[in-house]
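A.B. asks: Input file: query_24.pdb. Contents: PDB, C-alpha atoms.
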```pdb
ATOM      1  CA  MET A 269      -8.627 -11.928  -6.412
ATOM      2  CA  LYS A 270      -9.270  -8.249  -5.721
ATOM      3  CA  THR A 271     -11.436  -9.194  -2.733
ATOM      4  CA  ILE A 272      -8.672 -11.328  -1.243
ATOM      5  CA  ILE A 273      -6.156  -8.497  -1.631
ATOM      6  CA  LYS A 274      -8.548  -6.031  -0.005
ATOM      7  CA  LEU A 275      -9.173  -8.413   2.901
ATOM      8  CA  GLU A 276      -5.447  -8.917   3.341
ATOM      9  CA  GLU A 277      -4.844  -5.156   3.364
ATOM     10  CA  ALA A 278      -7.715  -4.675   5.833
ATOM     11  CA  ALA A 279      -6.037  -7.190   8.149
ATOM     12  CA  LEU A 280      -2.748  -5.290   7.824
ATOM     13  CA  PHE A 281      -4.533  -2.018   8.584
ATOM     14  CA  ILE A 282      -5.981  -3.606  11.734
ATOM     15  CA  LEU A 283      -2.456  -4.753  12.627
ATOM     16  CA  GLY A 284      -1.324  -1.139  12.303
ATOM     17  CA  ILE A 285      -4.087  -0.048  14.669
ATOM     18  CA  PHE A 286      -3.056  -2.785  17.126
ATOM     19  CA  LEU A 287       0.582  -1.663  17.022
ATOM     20  CA  PHE A 288      -0.437   1.961  17.451
ATOM     21  CA  ASN A 289      -2.509   0.974  20.488
ATOM     22  CA  ARG A 290       0.653  -0.390  22.132
ATOM     23  CA  LEU A 291       2.266   3.067  22.004
ATOM     24  CA  ASN A 292       1.725   5.858  24.509
ATOM     25  CA  PHE A 293      -0.026   8.266  22.129
ATOM     26  CA  ASP A 294      -3.590   9.505  22.242
ATOM     27  CA  TRP A 295      -5.864   8.167  19.496
ATOM     28  CA  TRP A 296      -6.258  11.565  17.872
ATOM     29  CA  TRP A 297      -2.603  11.319  16.759
ATOM     30  CA  PHE A 298      -3.489   8.338  14.561
ATOM     31  CA  LEU A 299      -6.471  10.149  13.066
ATOM     32  CA  VAL A 300      -4.462  13.312  12.368
ATOM     33  CA  LEU A 301      -1.405  11.575  10.922
ATOM     34  CA  ILE A 302      -3.001   8.775   8.881
ATOM     35  CA  LEU A 303      -3.212  10.962   5.748
ATOM     36  CA  ALA A 304       0.208  12.624   6.199
ATOM     37  CA  PRO A 305       2.034  10.229   3.811
ATOM     38  CA  ASP A 306      -0.099  11.628   0.979
ATOM     39  CA  LEU A 307       1.967  14.818   1.193
ATOM     40  CA  SER A 308       4.469  12.820  -0.852
ATOM     41  CA  MET A 309       2.204  13.464  -3.851
ATOM     42  CA  LEU A 310       3.723  16.942  -3.945
ATOM     43  CA  GLY A 311       6.583  15.249  -5.778
ATOM     44  CA  TYR A 312       4.321  15.208  -8.838
ATOM     45  CA  LEU A 313       4.811  18.981  -9.046
ATOM     46  CA  PHE A 314       8.260  18.121 -10.422
ATOM     47  CA  GLY A 315       7.073  15.520 -12.917
ATOM     48  CA  ASN A 316       5.905  11.935 -13.033
ATOM     49  CA  LYS A 317       9.311  10.405 -12.357
ATOM     50  CA  SER A 318       9.985  12.313  -9.134
ATOM     51  CA  GLY A 319       6.322  12.044  -8.142
ATOM     52  CA  ALA A 320       6.388   8.260  -8.436
ATOM     53  CA  PHE A 321       9.714   8.109  -6.569
ATOM     54  CA  PHE A 322       8.529  10.132  -3.565
ATOM     55  CA  TYR A 323       5.100   8.512  -3.503
ATOM     56  CA  ASN A 324       6.620   5.020  -3.541
ATOM     57  CA  ILE A 325       9.145   5.827  -0.801
ATOM     58  CA  PHE A 326       6.356   6.959   1.533
ATOM     59  CA  HIS A 327       4.030   4.072   0.585
ATOM     60  CA  HIS A 328       6.509   1.174   0.645
ATOM     61  CA  LYS A 329       5.655  -1.283   3.413
ATOM     62  CA  GLY A 330       9.214  -2.580   3.651
ATOM     63  CA  ILE A 331      10.503   0.900   4.422
ATOM     64  CA  SER A 332       7.746   1.459   6.972
ATOM     65  CA  LEU A 333       8.629  -1.813   8.711
ATOM     66  CA  LEU A 334      12.324  -0.868   8.790
ATOM     67  CA  ILE A 335      11.432   2.465  10.389
ATOM     68  CA  TYR A 336       9.211   0.727  12.936
ATOM     69  CA  ALA A 337      11.915  -1.841  13.719
ATOM     70  CA  LEU A 338      14.493   0.934  14.143
ATOM     71  CA  GLY A 339      12.153   2.643  16.598
ATOM     72  CA  CYS A 340      11.748  -0.602  18.532
ATOM     73  CA  TYR A 341      15.488  -1.243  18.553
ATOM     74  CA  LEU A 342      16.252   2.278  19.774
ATOM     75  CA  SER A 343      13.171   2.360  22.060
ATOM     76  CA  ILE A 344      12.030   5.645  20.490
ATOM     77  CA  GLU A 345       8.253   5.730  20.230
ATOM     78  CA  ILE A 346       8.071   8.640  17.783
ATOM     79  CA  ILE A 347      10.057   6.575  15.244
ATOM     80  CA  GLN A 348       7.790   3.598  15.919
ATOM     81  CA  LEU A 349       4.811   5.897  15.343
ATOM     82  CA  ALA A 350       6.223   7.037  11.992
ATOM     83  CA  GLY A 351       6.624   3.433  10.865
ATOM     84  CA  ILE A 352       3.125   2.492  12.003
ATOM     85  CA  ILE A 353       1.548   5.477  10.259
ATOM     86  CA  LEU A 354       3.385   4.734   6.993
ATOM     87  CA  PHE A 355       2.433   1.049   7.205
ATOM     88  CA  SER A 356      -1.217   1.680   8.096
ATOM     89  CA  HIS A 357      -1.609   4.355   5.450
ATOM     90  CA  SER A 358      -0.168   2.072   2.769
ATOM     91  CA  ALA A 359      -2.577  -0.706   3.742
ATOM     92  CA  MET A 360      -5.495   1.736   3.720
ATOM     93  CA  ASP A 361      -4.530   3.035   0.272
ATOM     94  CA  ARG A 362      -4.352  -0.487  -1.128
ATOM     95  CA  ILE A 363      -7.797  -1.286   0.240
ATOM     96  CA  PHE A 364      -9.044   1.513  -2.025
ATOM     97  CA  GLY A 365      -6.948   0.366  -5.001
ATOM     98  CA  TYR A 366      -4.089   2.858  -4.793
ATOM     99  CA  GLY A 367      -0.862   0.967  -5.298
ATOM    100  CA  LEU A 368       2.756   1.874  -5.845
ATOM    101  CA  LYS A 369       3.133   4.178  -8.824
ATOM    102  CA  TYR A 370       4.763   3.715 -12.202
ATOM    103  CA  GLU A 371       6.623   6.616 -13.789
ATOM    104  CA  LYS A 372       4.010   6.887 -16.585
ATOM    105  CA  GLY A 373       1.689   8.871 -14.319
ATOM    106  CA  PHE A 374      -0.234   8.881 -11.064
ATOM    107  CA  LYS A 375      -3.051   6.616 -12.247
ATOM    108  CA  TYR A 376      -0.691   3.760 -13.236
ATOM    109  CA  THR A 377      -0.078   1.489 -10.232
ATOM    110  CA  HIS A 378       1.106  -2.023  -9.465
ATOM    111  CA  LEU A 379      -2.529  -2.881  -8.699
ATOM    112  CA  GLY A 380      -3.724  -1.688 -12.090
ATOM    113  CA  GLU A 381      -4.886   1.578 -13.550
ATOM    114  CA  ILE A 382      -6.847   3.835 -11.184
ATOM    115  CA  GLY A 383     -10.282   4.685 -12.491
ATOM    116  CA  LYS A 384     -10.711   1.688 -14.772
TER     117      LYS A 384
END
```
Write the structure described by the file as C-alpha cells, please.

C.D. replies:
Amino acid sequence: MKTIIKLEEAALFILGIFLFNRLNFDWWWFLVLILAPDLSMLGYLFGNKSGAFFYNIFHHKGISLLIYALGCYLSIEIIQLAGIILFSHSAMDRIFGYGLKYEKGFKYTHLGEIGK
C-alpha cells in the first residue's frame, strides 16, 4: 500500500509541476519556493499543539487547492503560484512519508510514525 500512496503522490507532484509550467514564472522560482512551506515548522517553538496546527495548515492539500482556485478566479498568478507551491510541497513530503501531524509530536503523522 505504501508504494501505491507514493506513486499517487508522485503523480500529484508532477501535476504541480505541470500547473507551475502554465504560469509566467521562471523555473528557479519553483526551486527556491518548494521548501518554503516547511517554515511552518517554526510553530513547534510554541509547543506541539501550535506546531501541528501551523504545519497542517501549510501542508493541507484542500487549502492549497482553494488558494490556487482563488488565484485562477481572480486571475492573479502570484496567488496561483502560492497554491501550486503548497500543493506540490505537500505531495513531495508525502512521497517521503511526512504526513499531517498529530498534536502528540512532530513524528506522529496520519501516514504513521516517522522513523519507524

A.B. asks: Which of these residues is nearest to A:Phe314, using all atoms listed in the file: A:Gly373, A:Ile272, A:Trp297, A:Arg290?

C.D. replies: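 Nearest candidate to A:Phe314 out of A:Gly373, A:Ile272, A:Trp297, A:Arg290: A:Gly373.
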
A.B. asks: Taking all atoms listed in the file into account, name the residue in A:Gly383, A:Thr377, A:Ile285, A:Lys372 that is nearest to A:Leu354.

C.D. replies: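 Once distances to A:Leu354 are computed over all atoms listed in the file, the minimum belongs to A:Ile285.
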
A.B. asks: Residue by residue, what does the PyMOL selection byres ((chain A and resi 304) around 12) grab here? Present the result as a ChimeraX atom specification.

C.D. replies: /A:297-303,305-310,323,326-327,350,353-358

A.B. asks: Work out how far apart atom CA of A:Gly365 and atom CA of A:Leu379 are and give it in Å to one decimal.

C.D. replies: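 These two atoms are separated by 6.6 Å.
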
A.B. asks: Considering all atoms listed in the file, state which residue in the set A:Leu287, A:Ala320, A:Ile282, A:Ala359 is at the smallest distance from A:Ala337.

C.D. replies: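 The answer is A:Leu287, which sits nearest to A:Ala337.
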
A.B. asks: Quick one: everything within 12 Å of A:Lys317, counting all atoms listed in the file, minus sequence neighbours fewer than 4 positions away in the same chain. Send it as a list in words.

C.D. replies: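 The filter keeps Met309, Gly311, Tyr312, Leu313, Phe321, Phe322, Tyr323, Asn324, Lys369, Tyr370, Glu371, Lys372, Gly373 and Phe374 of chain A.
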
A.B. asks: Would you mind reading off the distance between atom CA of A:Leu349 and atom CA of A:Phe293, one decimal, in Å?

C.D. replies: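 Result for atom CA of A:Leu349 versus atom CA of A:Phe293: 8.7 Å, one decimal.
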
A.B. asks: May I have the residues at most 12 Å from (-11.2, -6.8, -6.1) in the file's coordinates, counting all atoms listed in the file, as a compact mmCIF listing (two decimals) with C-alpha atoms, in the coordinates of the input?

C.D. replies:
```
# COMPACT_ATOMS: atom_id res chain seq x y z
CA MET A 269 -8.63 -11.93 -6.41
CA LYS A 270 -9.27 -8.25 -5.72
CA THR A 271 -11.44 -9.19 -2.73
CA ILE A 272 -8.67 -11.33 -1.24
CA ILE A 273 -6.16 -8.50 -1.63
CA LYS A 274 -8.55 -6.03 0.00
CA LEU A 275 -9.17 -8.41 2.90
CA GLU A 276 -5.45 -8.92 3.34
CA GLU A 277 -4.84 -5.16 3.36
CA ARG A 362 -4.35 -0.49 -1.13
CA ILE A 363 -7.80 -1.29 0.24
CA PHE A 364 -9.04 1.51 -2.02
CA GLY A 365 -6.95 0.37 -5.00
CA LEU A 379 -2.53 -2.88 -8.70
CA GLY A 380 -3.72 -1.69 -12.09
```

A.B. asks: Please return the centre and edge lengths, in Å to one decimal, of a box with edges along x, y and z that contains all listed atoms of stretch 351-369 of chain A, widened by 8 Å on every side, as AutoDock Vina command-line options.

C.D. replies:
```
--center_x -1.2 --center_y 2.1 --center_z 1.6 --size_x 31.7 --size_y 22.8 --size_z 36.8
```

A.B. asks: Please produce stretch 319-340 of chain A, completed to N, CA, C and O atoms, as a CSV table (one decimal), in the coordinates of the input.

C.D. replies:
```csv
chain,number,residue,atom,x,y,z
A,319,GLY,N,7.6,12.3,-8.9
A,319,GLY,CA,6.3,12.0,-8.1
A,319,GLY,C,6.2,10.6,-7.8
A,319,GLY,O,5.9,10.3,-6.6
A,320,ALA,N,6.5,9.7,-8.7
A,320,ALA,CA,6.4,8.3,-8.4
A,320,ALA,C,7.4,7.9,-7.4
A,320,ALA,O,7.2,7.1,-6.5
A,321,PHE,N,8.6,8.4,-7.5
A,321,PHE,CA,9.7,8.1,-6.6
A,321,PHE,C,9.3,8.5,-5.1
A,321,PHE,O,9.4,7.6,-4.2
A,322,PHE,N,8.9,9.7,-4.9
A,322,PHE,CA,8.5,10.1,-3.6
A,322,PHE,C,7.3,9.4,-3.0
A,322,PHE,O,7.2,9.0,-1.9
A,323,TYR,N,6.3,9.2,-3.9
A,323,TYR,CA,5.1,8.5,-3.5
A,323,TYR,C,5.5,7.1,-3.1
A,323,TYR,O,5.0,6.6,-2.0
A,324,ASN,N,6.3,6.4,-3.8
A,324,ASN,CA,6.6,5.0,-3.5
A,324,ASN,C,7.5,4.9,-2.3
A,324,ASN,O,7.3,3.9,-1.5
A,325,ILE,N,8.3,5.9,-2.0
A,325,ILE,CA,9.1,5.8,-0.8
A,325,ILE,C,8.2,5.9,0.4
A,325,ILE,O,8.4,5.1,1.4
A,326,PHE,N,7.2,6.8,0.4
A,326,PHE,CA,6.4,7.0,1.5
A,326,PHE,C,5.2,5.9,1.6
A,326,PHE,O,4.5,5.9,2.6
A,327,HIS,N,5.1,5.1,0.6
A,327,HIS,CA,4.0,4.1,0.6
A,327,HIS,C,4.6,2.6,0.5
A,327,HIS,O,3.8,1.7,0.2
A,328,HIS,N,5.9,2.5,0.7
A,328,HIS,CA,6.5,1.2,0.6
A,328,HIS,C,6.5,0.5,2.0
A,328,HIS,O,7.0,1.1,3.0
A,329,LYS,N,5.8,-0.6,2.1
A,329,LYS,CA,5.7,-1.3,3.4
A,329,LYS,C,7.0,-1.8,4.0
A,329,LYS,O,7.1,-1.7,5.2
A,330,GLY,N,7.9,-2.2,3.2
A,330,GLY,CA,9.2,-2.6,3.7
A,330,GLY,C,9.9,-1.5,4.4
A,330,GLY,O,10.5,-1.7,5.4
A,331,ILE,N,9.9,-0.3,3.8
A,331,ILE,CA,10.5,0.9,4.4
A,331,ILE,C,9.8,1.2,5.7
A,331,ILE,O,10.5,1.5,6.7
A,332,SER,N,8.5,1.2,5.7
A,332,SER,CA,7.7,1.5,7.0
A,332,SER,C,8.1,0.5,8.1
A,332,SER,O,8.2,0.8,9.2
A,333,LEU,N,8.3,-0.8,7.7
A,333,LEU,CA,8.6,-1.8,8.7
A,333,LEU,C,10.1,-1.6,9.2
A,333,LEU,O,10.3,-1.8,10.4
A,334,LEU,N,11.0,-1.2,8.3
A,334,LEU,CA,12.3,-0.9,8.8
A,334,LEU,C,12.3,0.3,9.8
A,334,LEU,O,13.0,0.3,10.8
A,335,ILE,N,11.5,1.3,9.5
A,335,ILE,CA,11.4,2.5,10.4
A,335,ILE,C,10.9,2.0,11.7
A,335,ILE,O,11.4,2.4,12.8
A,336,TYR,N,9.8,1.2,11.7
A,336,TYR,CA,9.2,0.7,12.9
A,336,TYR,C,10.2,-0.1,13.7
A,336,TYR,O,10.4,0.1,14.9
A,337,ALA,N,10.9,-1.0,13.0
A,337,ALA,CA,11.9,-1.8,13.7
A,337,ALA,C,13.0,-1.0,14.3
A,337,ALA,O,13.5,-1.3,15.4
A,338,LEU,N,13.5,0.0,13.6
A,338,LEU,CA,14.5,0.9,14.1
A,338,LEU,C,14.0,1.6,15.4
A,338,LEU,O,14.7,1.7,16.4
A,339,GLY,N,12.7,2.0,15.4
A,339,GLY,CA,12.2,2.6,16.6
A,339,GLY,C,12.1,1.7,17.8
A,339,GLY,O,12.3,2.1,18.9
A,340,CYS,N,11.8,0.4,17.5
A,340,CYS,CA,11.7,-0.6,18.5
A,340,CYS,C,13.1,-0.8,19.1
A,340,CYS,O,13.4,-0.9,20.3
```
